[in-house]
>>> print(open('structure.pdb').read())   # PDB, C-alpha atoms
MODEL        1
ATOM      1  CA  MET A   1     -19.998 -16.522  -6.433
ATOM      2  CA  LYS A   2     -22.253 -18.273  -3.939
ATOM      3  CA  SER A   3     -25.509 -16.435  -4.445
ATOM      4  CA  ILE A   4     -27.300 -13.792  -6.476
ATOM      5  CA  LYS A   5     -26.501 -11.342  -3.688
ATOM      6  CA  ASP A   6     -22.800 -11.939  -4.291
ATOM      7  CA  VAL A   7     -23.215 -11.247  -8.016
ATOM      8  CA  ILE A   8     -25.154  -8.028  -7.333
ATOM      9  CA  ASN A   9     -22.639  -6.941  -4.717
ATOM     10  CA  THR A  10     -19.687  -7.516  -7.058
ATOM     11  CA  SER A  11     -21.513  -5.718  -9.878
ATOM     12  CA  LEU A  12     -22.220  -2.729  -7.637
ATOM     13  CA  LEU A  13     -18.579  -2.541  -6.559
ATOM     14  CA  LEU A  14     -17.481  -2.759 -10.203
ATOM     15  CA  ALA A  15     -19.927   0.011 -11.160
ATOM     16  CA  ILE A  16     -18.700   2.254  -8.335
ATOM     17  CA  SER A  17     -15.092   1.521  -9.312
ATOM     18  CA  VAL A  18     -15.742   2.458 -12.981
ATOM     19  CA  VAL A  19     -17.633   5.656 -12.070
ATOM     20  CA  VAL A  20     -14.880   6.754  -9.671
ATOM     21  CA  ALA A  21     -12.178   6.015 -12.280
ATOM     22  CA  TYR A  22     -14.133   7.913 -14.950
ATOM     23  CA  VAL A  23     -14.861  10.961 -12.781
ATOM     24  CA  GLU A  24     -11.308  11.236 -11.465
ATOM     25  CA  SER A  25      -9.931  11.250 -15.016
ATOM     26  CA  PHE A  26     -11.454  14.740 -15.338
ATOM     27  CA  ILE A  27      -9.828  16.098 -12.185
ATOM     28  CA  PRO A  28      -6.867  18.226 -13.256
ATOM     29  CA  LEU A  29      -3.651  17.849 -11.275
ATOM     30  CA  PRO A  30      -0.527  20.029 -11.531
ATOM     31  CA  ILE A  31       1.743  17.165 -12.642
ATOM     32  CA  PRO A  32       0.982  15.794 -16.125
ATOM     33  CA  GLY A  33      -0.084  12.156 -16.172
ATOM     34  CA  VAL A  34      -0.791  11.924 -12.466
ATOM     35  CA  ARG A  35      -4.200  10.800 -11.239
ATOM     36  CA  LEU A  36      -5.684  10.491  -7.782
ATOM     37  CA  GLY A  37      -6.170   6.716  -8.069
ATOM     38  CA  PHE A  38      -9.317   6.611  -5.950
ATOM     39  CA  ALA A  39     -10.602   3.683  -8.030
ATOM     40  CA  ASN A  40      -7.995   1.610  -6.198
ATOM     41  CA  VAL A  41      -9.832   2.334  -2.927
ATOM     42  CA  ILE A  42     -12.545  -0.054  -4.121
ATOM     43  CA  ILE A  43      -9.969  -2.691  -5.136
ATOM     44  CA  LEU A  44      -8.237  -2.438  -1.766
ATOM     45  CA  LEU A  45     -11.575  -2.618   0.030
ATOM     46  CA  VAL A  46     -12.572  -5.737  -1.919
ATOM     47  CA  ILE A  47      -9.161  -7.358  -1.299
ATOM     48  CA  TYR A  48      -9.716  -7.004   2.436
ATOM     49  CA  GLU A  49     -13.433  -7.770   2.575
ATOM     50  CA  GLU A  50     -14.157 -10.141  -0.322
ATOM     51  CA  GLY A  51     -10.858 -11.792  -1.167
ATOM     52  CA  PHE A  52      -8.580 -12.469  -4.118
ATOM     53  CA  THR A  53     -10.954 -13.642  -6.870
ATOM     54  CA  LYS A  54     -13.576 -10.894  -6.656
ATOM     55  CA  SER A  55     -11.008  -8.114  -6.388
ATOM     56  CA  LEU A  56      -9.108  -9.431  -9.412
ATOM     57  CA  ILE A  57     -12.346  -9.727 -11.430
ATOM     58  CA  ILE A  58     -13.347  -6.146 -10.515
ATOM     59  CA  LEU A  59      -9.862  -4.812 -11.340
ATOM     60  CA  LEU A  60      -9.644  -6.483 -14.760
ATOM     61  CA  LEU A  61     -13.211  -5.587 -15.738
ATOM     62  CA  ARG A  62     -12.696  -1.979 -14.622
ATOM     63  CA  ILE A  63      -9.560  -1.631 -16.747
ATOM     64  CA  LEU A  64     -11.348  -3.252 -19.704
ATOM     65  CA  ILE A  65     -14.466  -1.051 -19.376
ATOM     66  CA  MET A  66     -12.396   2.121 -18.879
ATOM     67  CA  GLY A  67     -10.436   1.220 -22.018
ATOM     68  CA  PHE A  68     -13.701   1.135 -23.990
ATOM     69  CA  ILE A  69     -15.110   4.292 -22.392
ATOM     70  CA  LYS A  70     -11.948   6.355 -22.919
ATOM     71  CA  GLY A  71     -11.213   4.802 -26.317
ATOM     72  CA  SER A  72      -7.786   3.657 -25.192
ATOM     73  CA  PHE A  73      -8.331  -0.118 -25.443
ATOM     74  CA  LEU A  74      -5.144  -1.909 -26.651
ATOM     75  CA  THR A  75      -3.257   1.412 -26.921
ATOM     76  CA  PRO A  76       0.020   1.959 -25.006
ATOM     77  CA  ILE A  77      -1.863   3.879 -22.309
ATOM     78  CA  TRP A  78      -4.210   0.926 -21.798
ATOM     79  CA  TYR A  79      -1.303  -1.497 -21.446
ATOM     80  CA  MET A  80       0.284   0.902 -18.944
ATOM     81  CA  SER A  81      -2.969   1.003 -17.008
ATOM     82  CA  LEU A  82      -3.224  -2.811 -17.084
ATOM     83  CA  SER A  83       0.347  -3.398 -15.944
ATOM     84  CA  GLY A  84       0.096  -0.744 -13.222
ATOM     85  CA  GLY A  85      -3.203  -2.174 -12.018
ATOM     86  CA  ILE A  86      -1.944  -5.773 -11.914
ATOM     87  CA  LEU A  87       1.348  -4.905 -10.186
ATOM     88  CA  SER A  88      -0.526  -2.728  -7.706
ATOM     89  CA  PHE A  89      -3.009  -5.569  -7.090
ATOM     90  CA  ILE A  90      -0.223  -8.109  -6.463
ATOM     91  CA  PHE A  91       1.507  -5.798  -3.979
ATOM     92  CA  MET A  92      -1.703  -4.837  -2.174
ATOM     93  CA  PHE A  93      -2.844  -8.460  -1.960
ATOM     94  CA  LEU A  94       0.484  -9.707  -0.605
ATOM     95  CA  PHE A  95       0.911  -6.839   1.866
ATOM     96  CA  SER A  96      -2.714  -7.155   3.036
ATOM     97  CA  LYS A  97      -1.797 -10.634   4.285
ATOM     98  CA  ILE A  98       0.736  -9.100   6.677
ATOM     99  CA  LYS A  99      -1.558  -8.397   9.591
ATOM    100  CA  ILE A 100       0.724  -5.878  11.241
ATOM    101  CA  LEU A 101       0.501  -3.501   8.264
ATOM    102  CA  HIS A 102      -2.168  -0.792   8.337
ATOM    103  CA  THR A 103      -4.461  -0.272   5.335
ATOM    104  CA  ILE A 104      -2.751   3.074   4.634
ATOM    105  CA  VAL A 105       0.679   1.410   4.342
ATOM    106  CA  VAL A 106      -0.749  -1.291   2.053
ATOM    107  CA  SER A 107      -2.374   1.431  -0.067
ATOM    108  CA  VAL A 108       0.904   3.371  -0.321
ATOM    109  CA  PHE A 109       2.766   0.268  -1.533
ATOM    110  CA  GLY A 110      -0.054  -0.353  -4.015
ATOM    111  CA  SER A 111       0.199   3.215  -5.361
ATOM    112  CA  LEU A 112       3.972   2.997  -5.710
ATOM    113  CA  ALA A 113       3.679  -0.392  -7.440
ATOM    114  CA  HIS A 114       1.078   1.087  -9.795
ATOM    115  CA  VAL A 115       3.331   3.890 -11.042
ATOM    116  CA  THR A 116       6.310   1.522 -11.236
ATOM    117  CA  GLY A 117       4.309  -0.902 -13.395
ATOM    118  CA  GLN A 118       3.269   1.924 -15.691
ATOM    119  CA  ILE A 119       6.821   3.199 -16.082
ATOM    120  CA  ILE A 120       8.166  -0.304 -16.854
ATOM    121  CA  VAL A 121       5.655  -0.731 -19.686
ATOM    122  CA  ALA A 122       6.321   2.831 -20.922
ATOM    123  CA  TYR A 123      10.005   1.866 -21.130
ATOM    124  CA  PHE A 124       9.168  -1.054 -23.441
ATOM    125  CA  PHE A 125       7.164   1.231 -25.722
ATOM    126  CA  VAL A 126       9.639   4.108 -25.787
ATOM    127  CA  SER A 127      12.915   2.145 -25.330
ATOM    128  CA  SER A 128      14.450   5.122 -23.538
ATOM    129  CA  HIS A 129      15.803   4.701 -20.017
ATOM    130  CA  GLY A 130      14.902   8.368 -19.558
ATOM    131  CA  VAL A 131      11.340   7.372 -18.595
ATOM    132  CA  PHE A 132      12.687   6.054 -15.277
ATOM    133  CA  TYR A 133      13.724   9.618 -14.339
ATOM    134  CA  TYR A 134      10.031  10.460 -14.223
ATOM    135  CA  LEU A 135       9.451   7.816 -11.538
ATOM    136  CA  PRO A 136      10.504   9.861  -8.449
ATOM    137  CA  ILE A 137       8.204  12.734  -9.410
ATOM    138  CA  ILE A 138       5.136  10.546  -9.825
ATOM    139  CA  ALA A 139       6.195   8.420  -6.836
ATOM    140  CA  ILE A 140       5.942  11.432  -4.533
ATOM    141  CA  THR A 141       2.387  12.098  -5.702
ATOM    142  CA  ALA A 142       1.613   8.369  -5.503
ATOM    143  CA  LEU A 143       2.715   8.513  -1.889
ATOM    144  CA  GLY A 144       0.240  11.324  -1.154
ATOM    145  CA  THR A 145      -2.649   9.751  -3.046
ATOM    146  CA  GLY A 146      -1.813   6.351  -1.535
ATOM    147  CA  ILE A 147      -2.120   7.756   1.982
ATOM    148  CA  LEU A 148      -5.415   9.462   1.090
ATOM    149  CA  SER A 149      -6.799   6.310  -0.579
ATOM    150  CA  GLY A 150      -5.724   4.192   2.385
ATOM    151  CA  PHE A 151      -7.441   6.571   4.777
ATOM    152  CA  ILE A 152     -10.698   6.470   2.774
ATOM    153  CA  CYS A 153     -10.464   2.674   2.574
ATOM    154  CA  THR A 154     -10.017   2.477   6.367
ATOM    155  CA  LEU A 155     -13.231   4.478   6.837
ATOM    156  CA  LEU A 156     -15.110   2.346   4.295
ATOM    157  CA  ARG A 157     -13.949  -0.913   5.878
ATOM    158  CA  LYS A 158     -15.568   0.094   9.181
ATOM    159  CA  ARG A 159     -18.956   0.476   7.487
ATOM    160  CA  TYR A 160     -18.675  -2.163   4.764
ATOM    161  CA  LYS A 161     -20.410  -4.953   6.682
ATOM    162  CA  GLN A 162     -23.438  -2.681   7.249
ATOM    163  CA  ILE A 163     -23.809  -1.554   3.631
ATOM    164  CA  ARG A 164     -23.007  -4.901   1.964
ATOM    165  CA  LEU A 165     -26.003  -6.714   0.485
TER     166      LEU A 165
ATOM    167  CA  MET B   1      -1.445  -1.883  19.367
ATOM    168  CA  LYS B   2       1.086   0.865  20.044
ATOM    169  CA  LYS B   3       3.857  -1.299  18.581
ATOM    170  CA  LYS B   4       1.797  -1.810  15.415
ATOM    171  CA  VAL B   5       1.325   1.957  15.010
ATOM    172  CA  ILE B   6       5.061   2.591  15.516
ATOM    173  CA  ILE B   7       5.997  -0.049  12.911
ATOM    174  CA  ASN B   8       3.575   1.454  10.374
ATOM    175  CA  VAL B   9       4.825   4.995  11.017
ATOM    176  CA  ILE B  10       8.446   3.825  10.614
ATOM    177  CA  ILE B  11       7.628   2.091   7.298
ATOM    178  CA  LEU B  12       5.803   5.167   5.961
ATOM    179  CA  THR B  13       8.644   7.449   7.058
ATOM    180  CA  CYS B  14      11.225   5.214   5.340
ATOM    181  CA  VAL B  15       9.194   5.187   2.115
ATOM    182  CA  LEU B  16       8.802   8.984   2.304
ATOM    183  CA  LEU B  17      12.549   9.454   2.822
ATOM    184  CA  ILE B  18      13.399   7.155  -0.097
ATOM    185  CA  VAL B  19      11.006   9.003  -2.404
ATOM    186  CA  ILE B  20      12.199  12.464  -1.294
ATOM    187  CA  GLY B  21      15.803  11.256  -1.661
ATOM    188  CA  SER B  22      15.160  10.092  -5.209
ATOM    189  CA  VAL B  23      13.506  13.431  -6.111
ATOM    190  CA  LEU B  24      16.532  15.289  -4.716
ATOM    191  CA  GLY B  25      18.705  12.858  -6.683
ATOM    192  CA  LEU B  26      16.962  14.007  -9.863
ATOM    193  CA  PHE B  27      18.003  17.606  -9.193
ATOM    194  CA  ILE B  28      21.577  16.503  -8.403
ATOM    195  CA  ILE B  29      21.691  14.547 -11.687
ATOM    196  CA  ARG B  30      20.354  17.627 -13.514
ATOM    197  CA  ASN B  31      23.007  19.917 -11.971
ATOM    198  CA  ASN B  32      25.767  17.393 -12.730
ATOM    199  CA  ARG B  33      24.530  17.133 -16.302
ATOM    200  CA  ILE B  34      24.674  20.925 -16.691
ATOM    201  CA  ASN B  35      28.166  21.160 -15.125
ATOM    202  CA  ASN B  36      29.646  18.182 -16.986
ATOM    203  CA  ASN B  37      28.418  19.320 -20.392
ATOM    204  CA  LYS B  38      29.348  23.011 -20.209
ATOM    205  CA  ASP B  39      31.917  22.661 -22.986
ATOM    206  CA  LYS B  40      29.783  20.437 -25.182
ATOM    207  CA  ILE B  41      27.242  21.421 -27.802
ATOM    208  CA  PRO B  42      23.660  20.503 -26.910
ATOM    209  CA  PHE B  43      21.291  19.287 -29.580
ATOM    210  CA  VAL B  44      17.896  17.691 -29.695
ATOM    211  CA  ALA B  45      17.378  14.313 -31.296
ATOM    212  CA  ILE B  46      13.885  13.556 -32.513
ATOM    213  CA  ILE B  47      13.365   9.814 -32.313
ATOM    214  CA  LYS B  48      10.527   8.074 -34.107
ATOM    215  CA  ASP B  49       9.893   4.337 -33.674
ATOM    216  CA  ASN B  50      13.235   4.048 -31.833
ATOM    217  CA  LYS B  51      15.210   5.464 -34.783
ATOM    218  CA  VAL B  52      16.702   8.956 -35.020
ATOM    219  CA  TYR B  53      14.409  11.011 -37.268
ATOM    220  CA  GLU B  54      16.314  14.302 -37.080
ATOM    221  CA  GLU B  55      19.059  15.957 -35.019
ATOM    222  CA  ILE B  56      19.102  19.720 -34.564
ATOM    223  CA  GLU B  57      21.599  22.016 -32.852
ATOM    224  CA  TYR B  58      18.931  24.319 -31.563
ATOM    225  CA  LYS B  59      21.252  27.095 -30.314
ATOM    226  CA  LYS B  60      22.229  27.844 -33.904
ATOM    227  CA  LEU B  61      18.652  28.500 -34.924
ATOM    228  CA  THR B  62      17.654  32.102 -35.510
ATOM    229  CA  GLU B  63      13.969  31.374 -35.997
ATOM    230  CA  LYS B  64      11.505  28.672 -34.988
ATOM    231  CA  LYS B  65      11.700  25.454 -36.957
ATOM    232  CA  GLU B  66       8.508  23.446 -37.310
ATOM    233  CA  ILE B  67       8.916  19.713 -37.763
ATOM    234  CA  ILE B  68       5.800  17.970 -38.991
ATOM    235  CA  ILE B  69       5.852  14.185 -38.650
ATOM    236  CA  SER B  70       3.294  12.269 -40.665
ATOM    237  CA  ASP B  71       2.492   8.585 -40.583
ATOM    238  CA  PRO B  72      -0.434   6.590 -42.026
ATOM    239  CA  LYS B  73      -1.119   5.141 -38.572
ATOM    240  CA  PHE B  74      -1.415   8.641 -37.021
ATOM    241  CA  GLU B  75      -4.849  10.204 -36.674
ATOM    242  CA  GLU B  76      -3.217  13.566 -37.442
ATOM    243  CA  ASP B  77       0.303  14.939 -37.851
ATOM    244  CA  VAL B  78       2.583  15.434 -34.865
ATOM    245  CA  VAL B  79       4.155  18.895 -34.784
ATOM    246  CA  ILE B  80       7.395  19.647 -32.932
ATOM    247  CA  ILE B  81       8.814  23.145 -32.582
ATOM    248  CA  VAL B  82      12.568  23.614 -32.261
ATOM    249  CA  TYR B  83      13.903  27.067 -31.469
ATOM    250  CA  GLU B  84      17.004  28.642 -29.922
ATOM    251  CA  ASN B  85      15.916  27.694 -26.367
ATOM    252  CA  GLY B  86      15.063  24.053 -26.951
ATOM    253  CA  ALA B  87      12.280  21.914 -28.393
ATOM    254  CA  PHE B  88       8.721  21.009 -27.501
ATOM    255  CA  PHE B  89       5.662  19.202 -28.799
ATOM    256  CA  GLU B  90       3.312  21.736 -30.379
ATOM    257  CA  SER B  91       0.488  19.337 -31.227
ATOM    258  CA  SER B  92      -0.245  15.632 -31.226
ATOM    259  CA  PHE B  93      -3.260  13.382 -31.665
ATOM    260  CA  CYS B  94      -2.821  11.674 -28.284
ATOM    261  CA  PRO B  95      -5.884  12.138 -26.038
ATOM    262  CA  ASP B  96      -4.079  13.126 -22.849
ATOM    263  CA  LYS B  97      -1.607  15.610 -24.428
ATOM    264  CA  LEU B  98       1.032  14.681 -21.847
ATOM    265  CA  CYS B  99       3.809  15.290 -24.364
ATOM    266  CA  ILE B 100       2.621  18.872 -24.884
ATOM    267  CA  LYS B 101       2.209  19.475 -21.145
ATOM    268  CA  ARG B 102       5.825  18.332 -20.575
ATOM    269  CA  GLY B 103       6.961  21.661 -22.059
ATOM    270  CA  VAL B 104      10.346  22.686 -23.414
ATOM    271  CA  ILE B 105      13.320  20.320 -23.369
ATOM    272  CA  ASN B 106      16.691  22.067 -23.032
ATOM    273  CA  GLU B 107      19.854  21.997 -20.856
ATOM    274  CA  GLU B 108      18.046  23.656 -17.952
ATOM    275  CA  SER B 109      15.006  21.355 -17.892
ATOM    276  CA  LEU B 110      14.726  18.668 -15.215
ATOM    277  CA  PHE B 111      14.079  15.951 -17.778
ATOM    278  CA  THR B 112      16.153  15.426 -20.891
ATOM    279  CA  PHE B 113      13.333  13.951 -22.894
ATOM    280  CA  SER B 114       9.675  14.298 -23.762
ATOM    281  CA  THR B 115       7.740  11.418 -25.248
ATOM    282  CA  CYS B 116       4.462  11.012 -27.044
ATOM    283  CA  ILE B 117       3.770   7.358 -26.266
ATOM    284  CA  TYR B 118       0.836   7.134 -28.708
ATOM    285  CA  ALA B 119       2.983   8.273 -31.643
ATOM    286  CA  ASN B 120       6.190   6.669 -30.270
ATOM    287  CA  ILE B 121       8.048   9.933 -30.820
ATOM    288  CA  THR B 122      10.632  11.243 -28.370
ATOM    289  CA  ILE B 123      12.460  14.550 -28.151
ATOM    290  CA  GLU B 124      15.763  13.852 -26.420
ATOM    291  CA  LEU B 125      18.462  16.283 -25.322
ATOM    292  CA  ARG B 126      21.938  15.086 -26.283
ATOM    293  CA  TYR B 127      25.455  16.516 -26.330
ATOM    294  CA  ARG B 128      28.349  16.262 -28.742
TER     295      ARG B 128
ENDMDL
END
>>> encode(input="structure.pdb", output="structure tokens")
Amino acid sequence: MKSIKDVINTSLLLAISVVVAYVESFIPLPIPGVRLGFANVIILLVIYEEGFTKSLIILLLRILIMGFIKGSFLTPIWYMSLSGGILSFIFMFLFSKIKILHTIVVSVFGSLAHVTGQIIVAYFFVSSHGVFYYLPIIAITALGTGILSGFICTLLRKRYKQIRL
Amino acid sequence: MKKKVIINVIILTCVLLIVIGSVLGLFIIRNNRINNNKDKIPFVAIIKDNKVYEEIEYKKLTEKKEIIISDPKFEEDVVIIVYENGAFFESSFCPDKLCIKRGVINEESLFTFSTCIYANITIELRYR
């Protein structure tokens, strides 16, 4: 954090990320347990525009705050959210370094990593390999939401320099 | 620029094909499961904290059986209904109710299990 502007900017991005995550949790989707994942648009945007540290701070604080808001802190669902978020972050950060990859492709890999991370943790809680059968179903929705998130992120990246403090 | 677009489209197409292939694989596994277990007797195992809580041959049931699972750590009881067509979660204290939304588990269902992660209770279809 170099200046007060940086702190305010990061705080605003965190606030937007939390609001988006909270609002989207109320959007009903036909497949149980599937969410749009638009909060990751902010993370992807920050990875590209602000770098590793700020995006990781925003991700971890968002998961922590959402855990308190939804009352799921330290429950299995919260651990699933944390593992999915971290795995998604690692994939998006690494793939964002490959210049030839478009934001949409990076977002898709992030979405797929997110659901994979969640399923892995669910397996440790349930101890049934059956949870892995659920992966293809949520992966196909993750693919769709990943493309949509990547598209929104591409649009935001074009205007980010103008709206940043 | 054009090369970059082509590479990205190829990657997305490959990912799409892999995902679609794995979804189709699920249906193939389901059909194989149905065909391979035609002569076997299906039953549901209710698993709590990774231990078998109860096993029920649901096809023998003539009326609905309500299984109420209590635990001091639960906010309220978890209720499972087993009837002649399978088993499902009737109610649970979990906030998202994913276990209830999963619906009935039987030989025809795509998945052979339904789990309430909060309560660590699983309904699993098995054969003997």
>>> resolve_selection(input="structure.pdb", expression="the ChimeraX specification (/A :<9) & /B", output="PyMOL selection string")
chain B and resi 4-5+7-9+11-12+15-16+19-26+49-50+95-99+101-102+111-118+120-122+124
>>> resolve_selection(input="structure.pdb", expression="the PyMOL selection byres ((chain B and resi 60) around 10)", output="list in words")
Phe43, Ile56, Glu57, Tyr58, Lys59, Leu61, Thr62, Glu63, Tyr83, Glu84 and Asn85 of chain B
>>> atom_distance(input="structure.pdb", atom1="atom CA of Asn35 of chain B", atom2="atom CA of Ile47 of chain B")
25.4 Å
>>> atom_distance(input="structure.pdb", atom1="atom CA of Leu13 of chain A", atom2="atom CA of Ile119 of chain A")
27.7 Å
>>> residues_near_point(input="structure.pdb", point="(-13.9, 5.1, -5.9)", cutoff="6 Å", atoms="only C-alpha atoms", output="list in words")
Ser17, Val20, Phe38, Ala39, Val41 and Ile42 of chain A
>>> atom_distance(input="structure.pdb", atom1="atom CA of Phe74 of chain B", atom2="atom CA of Lys48 of chain B")
12.3 Å
>>> closest_residue(input="structure.pdb", among="A:Met66, A:Leu61, A:Met92, A:Val19", to="Tyr48 of chain A", atoms="all atoms listed in the file")
A:Met92
>>> closest_residue(input="structure.pdb", among="A:Ile43, A:Ala113, A:Ile69, A:Leu82", to="Ile57 of chain A", atoms="all atoms listed in the file")
A:Ile43
>>> closest_residue(input="structure.pdb", among="A:Arg159, A:Ser55, A:Val7, A:Leu36", to="Glu24 of chain A", atoms="only C-alpha atoms")
A:Leu36
>>> residues_around(input="structure.pdb", residues="Leu56 of chain A", least_positions_apart="3", cutoff="9 Å", atoms="all atoms listed in the file", output="list in words")
Ile43, Ile47, Gly51, Phe52, Thr53, Leu59, Leu60, Leu61, Ile86 and Phe89 of chain A
>>> closest_residue(input="structure.pdb", among="B:Asp77, B:Ser70, B:Val82, B:Ala87", to="Asn106 of chain B", atoms="only C-alpha atoms")
B:Ala87
>>> residues_around(input="structure.pdb", residues="Asp39 of chain B", least_positions_apart="6", cutoff="12 Å", atoms="all atoms listed in the file", output="ChimeraX atom specification")
/B:33,127-128
>>> resolve_selection(input="structure.pdb", expression="the PyMOL selection byres ((chain B and resi 67) around 8)", output="list in words")
Lys65, Glu66, Ile68, Ile69, Val79, Ile80, Ile81 and Val82 of chain B
>>> residues_around(input="structure.pdb", residues="Ser11 of chain A", least_positions_apart="3", cutoff="12 Å", atoms="all atoms listed in the file", output="number ranges by chain")
A: 1, 4-8, 14-18, 46, 54-55, 57-59, 61-62, 164-165
>>> write_last_selection(input="structure.pdb", atoms="C-alpha atoms", output="tab-separated table (two decimals), keeping the file's coordinate frame")
chain	number	residue	atom	x	y	z
A	1	MET	CA	-20.00	-16.52	-6.43
A	4	ILE	CA	-27.30	-13.79	-6.48
A	5	LYS	CA	-26.50	-11.34	-3.69
A	6	ASP	CA	-22.80	-11.94	-4.29
A	7	VAL	CA	-23.22	-11.25	-8.02
A	8	ILE	CA	-25.15	-8.03	-7.33
A	14	LEU	CA	-17.48	-2.76	-10.20
A	15	ALA	CA	-19.93	0.01	-11.16
A	16	ILE	CA	-18.70	2.25	-8.34
A	17	SER	CA	-15.09	1.52	-9.31
A	18	VAL	CA	-15.74	2.46	-12.98
A	46	VAL	CA	-12.57	-5.74	-1.92
A	54	LYS	CA	-13.58	-10.89	-6.66
A	55	SER	CA	-11.01	-8.11	-6.39
A	57	ILE	CA	-12.35	-9.73	-11.43
A	58	ILE	CA	-13.35	-6.15	-10.52
A	59	LEU	CA	-9.86	-4.81	-11.34
A	61	LEU	CA	-13.21	-5.59	-15.74
A	62	ARG	CA	-12.70	-1.98	-14.62
A	164	ARG	CA	-23.01	-4.90	1.96
A	165	LEU	CA	-26.00	-6.71	0.48
>>> closest_residue(input="structure.pdb", among="B:Glu107, B:Asp71, B:Glu55, B:Glu76", to="Ser92 of chain B", atoms="only C-alpha atoms")
B:Glu76
